[in-house]
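Below is one structure; the comments refer to it alone.
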Amino acid sequence: MESLSTPRCSRARFVPHICVGGELCPTHASEADLALLRSLSDVQDDFLDGFDWAALAAGGGKGGTLLAFHKCRGKAFVVKELSPSDHEALLRLAPAYVVHATRHRDTLLAPFFAHFHRPSTGVHYVAMGSVLPAPVAAVAAASAPSVYDLKGTADDKTLLYEGEKRRDVHKRFFNVGMRVCDLASRKCCRPFAAAADVAADAWAPGRRQYAAGKQHARDVRFPLPAPACAWMC
């Protein structure tokens, strides 16, 4: 049996390990299903050989997980950390997801190509096809003036608006200034209004822009021809 201490990338399908950035990473029970998607999408088993682990960076989501863009043979991918709950969900849903994705090849669901964990850290990852050719910051120089992260939930947000990247400013429990401002807006807390004004100077512009971007992402409408609407619905 091949030792993890001397990684050697396998090119065979349905193998229990996948080579990622020079490290041999064990795959999960979902590998047999996701390997089928790789085959149908003409993605080779060695597509993560040249991945750069150092490229992992915060993706801006509330969960704080890291992600990185990767290219191989002209195709773009995203490698993303998985939280324990997301990892368990993918294990549970992978078989049904692959059945759907293989029956509906024009699905708008992101294609998942690998599900593995890194032995040196114990962190779980998923590798998926990227719908963007580069990180959002680079899209500003391309043809797309605005980019949205749309999930159909309260987490919809604007990533790029008219060429300007929108910074995430979350209202966390430890952001006392934001909480003071919220309280001061209530009638029972009007005596704190002066303190709220001071705190607002520090956070209001970024937070209000972020909140407005979330509202805009929920309300934005995209004109599409009837065939495209029928396909998406």
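Identifiers for the structure tokens are assigned positionally: chains receive A, B, ... in sequence, residues are indexed from 1 per chain, and ligands are indexed from 1 in the order shown.
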Which residues, written as number ranges by chain, have at least one atom at most 8 Å from Ala114 (chain A), with only C-alpha atoms counted and residues fewer than 5 positions away on the same chain left out? A: 27, 31, 34-35, 126-128
Grab the residues selected above and save them as a compact mmCIF listing (two decimals), in the first residue's frame with N, CA and C atoms.
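Result file is result21.txt:
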```txt
# COMPACT_ATOMS: atom_id res chain seq x y z
N THR A 27 -9.27 10.91 -0.13
CA THR A 27 -10.60 11.35 -0.54
C THR A 27 -11.63 10.72 0.39
N GLU A 31 -15.99 10.21 -3.34
CA GLU A 31 -15.04 10.20 -4.46
C GLU A 31 -15.58 9.44 -5.67
N LEU A 34 -18.02 11.73 -7.43
CA LEU A 34 -17.43 12.92 -8.03
C LEU A 34 -16.46 12.58 -9.16
N ALA A 35 -15.84 11.40 -9.09
CA ALA A 35 -14.95 10.97 -10.18
C ALA A 35 -15.75 10.84 -11.47
N VAL A 126 -13.19 21.00 -0.74
CA VAL A 126 -13.89 20.62 -1.96
C VAL A 126 -13.28 21.40 -3.11
N ALA A 127 -13.16 20.75 -4.26
CA ALA A 127 -12.68 21.42 -5.46
C ALA A 127 -13.83 21.45 -6.46
N MET A 128 -14.15 22.63 -6.94
CA MET A 128 -15.30 22.78 -7.84
C MET A 128 -14.93 23.61 -9.05
```
Pick from A:Leu108, A:Asp156, A:Glu164, A:Arg118 nearest to Lys80 (chain A), counting only C-alpha atoms: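 Going through A:Leu108, A:Asp156, A:Glu164, A:Arg118 one by one, the smallest distance to Lys80 (chain A) is for A:Arg118.
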Report as a PyMOL selection string all protein, DNA and RNA residues lying within 7 Å of Thr158 (chain A), evaluated on only C-alpha atoms, omitting residues in the same chain fewer than 6 positions from it. chain A and resi 147-149+166+213-214+217
Filtering to all heavy atoms, could you give me those residues as a PDB file, in the first residue's frame?
```pdb
ATOM      1  N   VAL A 147     -20.811  42.173 -10.004  1.00  0.00           N
ATOM      2  CA  VAL A 147     -20.824  40.746  -9.712  1.00  0.00           C
ATOM      3  C   VAL A 147     -21.585  40.542  -8.408  1.00  0.00           C
ATOM      4  O   VAL A 147     -21.373  41.261  -7.432  1.00  0.00           O
ATOM      5  CB  VAL A 147     -19.393  40.176  -9.578  1.00  0.00           C
ATOM      6  CG1 VAL A 147     -19.431  38.698  -9.199  1.00  0.00           C
ATOM      7  CG2 VAL A 147     -18.623  40.369 -10.876  1.00  0.00           C
ATOM      8  N   TYR A 148     -22.472  39.539  -8.390  1.00  0.00           N
ATOM      9  CA  TYR A 148     -23.296  39.268  -7.217  1.00  0.00           C
ATOM     10  C   TYR A 148     -23.097  37.831  -6.751  1.00  0.00           C
ATOM     11  O   TYR A 148     -22.845  36.929  -7.548  1.00  0.00           O
ATOM     12  CB  TYR A 148     -24.773  39.486  -7.536  1.00  0.00           C
ATOM     13  CG  TYR A 148     -25.091  40.868  -8.061  1.00  0.00           C
ATOM     14  CD1 TYR A 148     -25.124  41.118  -9.426  1.00  0.00           C
ATOM     15  CD2 TYR A 148     -25.350  41.923  -7.194  1.00  0.00           C
ATOM     16  CE1 TYR A 148     -25.394  42.390  -9.922  1.00  0.00           C
ATOM     17  CE2 TYR A 148     -25.630  43.192  -7.674  1.00  0.00           C
ATOM     18  CZ  TYR A 148     -25.653  43.415  -9.038  1.00  0.00           C
ATOM     19  OH  TYR A 148     -25.916  44.673  -9.523  1.00  0.00           O
ATOM     20  N   ASP A 149     -23.226  37.638  -5.458  1.00  0.00           N
ATOM     21  CA  ASP A 149     -23.231  36.305  -4.863  1.00  0.00           C
ATOM     22  C   ASP A 149     -24.676  36.019  -4.482  1.00  0.00           C
ATOM     23  O   ASP A 149     -25.163  36.499  -3.456  1.00  0.00           O
ATOM     24  CB  ASP A 149     -22.317  36.279  -3.629  1.00  0.00           C
ATOM     25  CG  ASP A 149     -22.252  34.901  -2.984  1.00  0.00           C
ATOM     26  OD1 ASP A 149     -22.912  33.967  -3.491  1.00  0.00           O
ATOM     27  OD2 ASP A 149     -21.555  34.752  -1.968  1.00  0.00           O
ATOM     28  N   ARG A 166     -16.880  45.617  -3.240  1.00  0.00           N
ATOM     29  CA  ARG A 166     -17.566  45.924  -1.991  1.00  0.00           C
ATOM     30  C   ARG A 166     -16.945  45.122  -0.846  1.00  0.00           C
ATOM     31  O   ARG A 166     -16.834  43.899  -0.921  1.00  0.00           O
ATOM     32  CB  ARG A 166     -19.058  45.606  -2.113  1.00  0.00           C
ATOM     33  CG  ARG A 166     -19.805  46.561  -3.049  1.00  0.00           C
ATOM     34  CD  ARG A 166     -19.716  47.983  -2.515  1.00  0.00           C
ATOM     35  NE  ARG A 166     -20.285  48.963  -3.409  1.00  0.00           N
ATOM     36  CZ  ARG A 166     -21.567  49.341  -3.394  1.00  0.00           C
ATOM     37  NH1 ARG A 166     -22.418  48.765  -2.555  1.00  0.00           N
ATOM     38  NH2 ARG A 166     -21.998  50.272  -4.223  1.00  0.00           N
ATOM     39  N   GLY A 213     -25.628  46.926  -0.354  1.00  0.00           N
ATOM     40  CA  GLY A 213     -25.276  45.961  -1.383  1.00  0.00           C
ATOM     41  C   GLY A 213     -26.051  44.663  -1.236  1.00  0.00           C
ATOM     42  O   GLY A 213     -26.458  44.051  -2.230  1.00  0.00           O
ATOM     43  N   LYS A 214     -26.300  44.252   0.003  1.00  0.00           N
ATOM     44  CA  LYS A 214     -27.089  43.052   0.237  1.00  0.00           C
ATOM     45  C   LYS A 214     -28.531  43.266  -0.212  1.00  0.00           C
ATOM     46  O   LYS A 214     -29.150  42.384  -0.829  1.00  0.00           O
ATOM     47  CB  LYS A 214     -27.036  42.658   1.716  1.00  0.00           C
ATOM     48  CG  LYS A 214     -25.695  42.110   2.170  1.00  0.00           C
ATOM     49  CD  LYS A 214     -25.691  41.766   3.645  1.00  0.00           C
ATOM     50  CE  LYS A 214     -26.581  40.596   3.967  1.00  0.00           C
ATOM     51  NZ  LYS A 214     -26.079  39.316   3.398  1.00  0.00           N
ATOM     52  N   ALA A 217     -28.634  43.253  -3.986  1.00  0.00           N
ATOM     53  CA  ALA A 217     -28.516  41.904  -4.533  1.00  0.00           C
ATOM     54  C   ALA A 217     -29.848  41.164  -4.478  1.00  0.00           C
ATOM     55  O   ALA A 217     -30.154  40.354  -5.356  1.00  0.00           O
ATOM     56  CB  ALA A 217     -27.438  41.123  -3.775  1.00  0.00           C
TER      57      ALA A 217
END
```
Nearest residue to Asp46 (chain A) from the set A:Asp33, A:Phe69, A:Gly21, A:Gln215 (distances using only C-alpha atoms): A:Gly21
Can you pull out every residue from region 44-116 of chain A that DSSP, working from the backbone, puts in strand (DSSP E), and format the result as a count of residues only? 22
Of the residues A:Glu81, A:Glu23, A:Asp155, A:Asp168, which is the one nearest to Asp49 (chain A), using only C-alpha atoms?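 Looking at the shortest contact to Asp49 (chain A), the residue is A:Glu23.
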